[in-house]
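Worksheet for the structure shown next.
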Amino acid sequence: MGMQNPTPFLPGISTRLYGRAQRCRREKLREELQLLPRHSLSRLGEIFGQWLPMDLFTPEASGTNSRERTFPLSLTFWAFLSQVLDPGSACREVVRKVQGWYVQHSRTMPGSGSGAYCQARQRLPLKTLKTAHRKLADQLGASPAPSGLWKGRRIRVVDGTGVSMPDTLENRKSYSRPSEQKPGCGFPVMKIVAVFCLQSGVLLHWIQGQLEEHECRLFTRLIQFFSPGDMVLADRGFSGYGQLAALWDQGVDSLMRLHAARKIDWSQGERLGDQDRLMIWKKPDHRTQVFDPQVWTDLPTAMTLRLVAITVSVPGFRTRHLTLVTTLLDAERYPAQALGELYFRRWSVEVFYRDIKQTMAMDILRCKSPEMIDKELVMHAIADNLIRGLMQEIAASCQVDLARISFKGTLDALRQWQPLFEAAPGGTRVSSKSVKLFSQIVAADPLILRPDRTEPRVVKRRPKNYRLLTKPRREMVVEPSRKQSQKPSKNPLI
């Protein structure tokens, strides 16, 4: 029988004389979990940790996320983030990253299956992810640099889009598919209306809904997130009386293109300049369906708006005439030419959507249940904002215009430099020299200035000449085409 605690007043000597007591597997696992913040995936934490409140991902006192697991909350979050930052990365690949770290540090390697990781993603609280995004967006986009303001105003640009998802039974119950698609041949689609910071491209808020919901209905649910002093920049689909009045009633100005259905009599109103008028709009007698009855009743019965007609003339292109409507009534502080130049910056929202949908592959979500679809959407928003924050840091440290920093270039550079960051010894941080070199490389490859460039929504590369799926796969039978049936057989006996 071994002696128990032979030197109670000198605990260190008992270890030297009798060796350490044998530890149970639970204690070994606890020690390994304490080292998980040094995981290779958490090297992302050393780069992005300054913007993320990681205290949100500490183990809970009780409940599902209180147990000691191979994939705790913090590790699962960083693993999920690395998967989003690397479009096309499968769950199996993330598990291989975790296994590689365990082998490198001579620790018990987890199983090769992806089930544990997928279950860990399901345990990530959606509320926690949304809180992390909210704090991240407030930090990055709430107070842009004075040079990024437009006449002292924070510009928020709004637009809508759609994303598709796997055609599973759960997703079909929550989201509908386009009406022209036959049953079993299409994919559910989610409609999104989002608000971006025009200066930094940070995704501030978004509202998701059904494909059939009009974007104006979703936009009305976004109005509560604007702050007094903000200015909303949007296309003519959002320029109804209700939207303009609701924003103005909240102390938020707006600049939008006039809706095509509204006709203008330039002989009316107070003249501020050539085709620059102050006009009084009255609230329609009939409530639009996008507003609740009480909200519609509280809107002002009339409001004064400014209508400005601008002419866009670019050498080599067709001249266009646009009419803008705004609540900025001071013609001296906000001249018509400045309003026209600001409105043409609205195209930036299309670039922001391209970055998050095409570059980060959010155009087609991959999860197979509505609950995981929501989490995947939030993770894409967090990843997008983290790249935006990194771009802001690079622009500030290297004295480069933020508009010249490439989103895709930054993401590609981070993807290639991440192994170098992870190669640092487990107990040391990423060296400041490596981070400085990384920033200099990204800043040394600025975007090319292309003034008055047109970006038509067309594709030059032709797709493969495959037939479309017109029936469910189990019922679809592909018959040979007419050209193939008319070709003579190469076998003379047939």
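Every chain in the structure tokens takes a letter, A first, then B, and so on in the order presented; its residues are numbered from 1, and the ligands are numbered from 1 following the presented order.
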Write out as number ranges by chain each polymer residue whose atoms come within 9 Å of Lys471 of chain A, counting only C-alpha atoms; drop sequence neighbours fewer than 6 positions from it.
-> A: 182-185, 477
Hey, what's within 12 Å of Thr288 of chain A if we count only C-alpha atoms and toss same-chain stuff fewer than 2 positions away? As a ChimeraX atom specification, please?
-> /A:214,216-217,220,240-243,283-286,290-293,295-297
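Atom pair atom CA of Ala302 of chain A / atom CA of Asp235 of chain A: separated by 22.1 Å.
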Please return as a VMD selection string: the residues of segment 166-383 of chain A that backbone DSSP assigns to alpha helix (DSSP H).
-> chain A and resid 169 to 174 215 to 220 241 to 249 293 to 298 336 to 343 348 to 354 370 to 383
For Leu329 of chain A, work out the shell of residues within 9 Å, counting only C-alpha atoms and skipping chain neighbours fewer than 4 positions away, then give it as a ChimeraX atom specification.
-> /A:278,304-306,333-334
Show which residues sit within 12 Å of Leu233 of chain A, as number ranges by chain. Count only C-alpha atoms, and ignore same-chain residues fewer than 5 positions away.
-> A: 150, 153-159, 194-198, 238-239, 244, 247, 252-257, 324-327, 339-349
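Shell of Glu215 of chain A at 9 Å, with only C-alpha atoms counted and residues fewer than 4 places along the chain excluded, is Asp159, Gly160, Thr161, Lys191, Ile192, Val193, Gly209, Phe219, Thr220, Gly237 and Phe238 of chain A.
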Just to be explicit: take each residue in the selection above, keep N, CA and C atoms, and write the result as a PDB file, in the first residue's frame.
```pdb
ATOM      1  N   ASP A 159     -29.793  47.184 -49.863  1.00  0.00           N
ATOM      2  CA  ASP A 159     -30.225  46.478 -51.066  1.00  0.00           C
ATOM      3  C   ASP A 159     -30.629  45.059 -50.669  1.00  0.00           C
ATOM      4  N   GLY A 160     -31.317  44.394 -51.579  1.00  0.00           N
ATOM      5  CA  GLY A 160     -31.781  43.035 -51.334  1.00  0.00           C
ATOM      6  C   GLY A 160     -31.134  42.043 -52.264  1.00  0.00           C
ATOM      7  N   THR A 161     -31.189  40.775 -51.882  1.00  0.00           N
ATOM      8  CA  THR A 161     -30.630  39.694 -52.686  1.00  0.00           C
ATOM      9  C   THR A 161     -31.300  38.394 -52.267  1.00  0.00           C
ATOM     10  N   LYS A 191     -34.817  35.189 -49.179  1.00  0.00           N
ATOM     11  CA  LYS A 191     -34.621  36.585 -49.567  1.00  0.00           C
ATOM     12  C   LYS A 191     -34.019  37.345 -48.402  1.00  0.00           C
ATOM     13  N   ILE A 192     -33.059  38.217 -48.707  1.00  0.00           N
ATOM     14  CA  ILE A 192     -32.332  38.973 -47.690  1.00  0.00           C
ATOM     15  C   ILE A 192     -32.305  40.446 -48.096  1.00  0.00           C
ATOM     16  N   VAL A 193     -32.555  41.326 -47.140  1.00  0.00           N
ATOM     17  CA  VAL A 193     -32.335  42.763 -47.295  1.00  0.00           C
ATOM     18  C   VAL A 193     -31.327  43.170 -46.232  1.00  0.00           C
ATOM     19  N   GLY A 209     -36.209  36.610 -45.150  1.00  0.00           N
ATOM     20  CA  GLY A 209     -37.622  36.292 -45.288  1.00  0.00           C
ATOM     21  C   GLY A 209     -37.862  35.336 -46.435  1.00  0.00           C
ATOM     22  N   PHE A 219     -37.520  45.652 -45.520  1.00  0.00           N
ATOM     23  CA  PHE A 219     -36.811  46.893 -45.202  1.00  0.00           C
ATOM     24  C   PHE A 219     -37.456  47.621 -44.038  1.00  0.00           C
ATOM     25  N   THR A 220     -38.781  47.578 -43.937  1.00  0.00           N
ATOM     26  CA  THR A 220     -39.458  48.255 -42.830  1.00  0.00           C
ATOM     27  C   THR A 220     -39.035  47.670 -41.483  1.00  0.00           C
ATOM     28  N   GLY A 237     -36.603  50.977 -55.557  1.00  0.00           N
ATOM     29  CA  GLY A 237     -37.569  50.039 -55.007  1.00  0.00           C
ATOM     30  C   GLY A 237     -37.945  50.340 -53.568  1.00  0.00           C
ATOM     31  N   PHE A 238     -37.168  51.146 -52.863  1.00  0.00           N
ATOM     32  CA  PHE A 238     -37.422  51.465 -51.459  1.00  0.00           C
ATOM     33  C   PHE A 238     -37.913  52.891 -51.263  1.00  0.00           C
TER      34      PHE A 238
END
```
Which polymer residues have any atom within 7 Å of an atom of Val308 of chain A, counting only C-alpha atoms, with same-chain residues fewer than 4 positions away left out, as a CSV table (one decimal) with N, CA and C atoms, in the first residue's frame?
```csv
chain,number,residue,atom,x,y,z
A,275,GLN,N,-34.4,72.0,-62.4
A,275,GLN,CA,-35.0,70.7,-62.1
A,275,GLN,C,-34.5,70.3,-60.7
A,276,ASP,N,-34.7,71.2,-59.8
A,276,ASP,CA,-34.4,71.0,-58.3
A,276,ASP,C,-35.5,71.6,-57.6
A,277,ARG,N,-36.4,70.8,-57.0
A,277,ARG,CA,-37.6,71.4,-56.4
A,277,ARG,C,-37.8,70.8,-55.0
A,323,THR,N,-33.9,60.8,-61.7
A,323,THR,CA,-34.5,61.7,-60.7
A,323,THR,C,-34.3,61.1,-59.4
A,324,LEU,N,-33.8,61.9,-58.5
A,324,LEU,CA,-33.5,61.5,-57.1
A,324,LEU,C,-34.5,62.2,-56.1
A,325,VAL,N,-34.8,61.5,-55.1
A,325,VAL,CA,-35.7,62.0,-54.0
A,325,VAL,C,-34.9,61.9,-52.7
A,336,ALA,N,-26.9,69.7,-55.9
A,336,ALA,CA,-27.4,68.6,-56.7
A,336,ALA,C,-26.3,67.8,-57.3
```
Any idea what the distance is between atom CA of Pro451 of chain A and atom CA of Lys408 of chain A?
-> 20.2 Å
All strand (DSSP E or B) positions in segment 261-454 of chain A, as a ChimeraX atom specification | /A:270-273,276-282,302-312,320-326,364
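Residue nearest Asp86 of chain A, chosen from A:Val189, A:Ala413, A:Leu124, A:Leu56 and counting only C-alpha atoms: A:Ala413.
Of the residues under consideration (A:Gln208, A:Ser176, A:Gln392, A:Thr70), A:Thr70 shows the shortest atom-to-atom contact distance to Gly115 of chain A when counting only C-alpha atoms.
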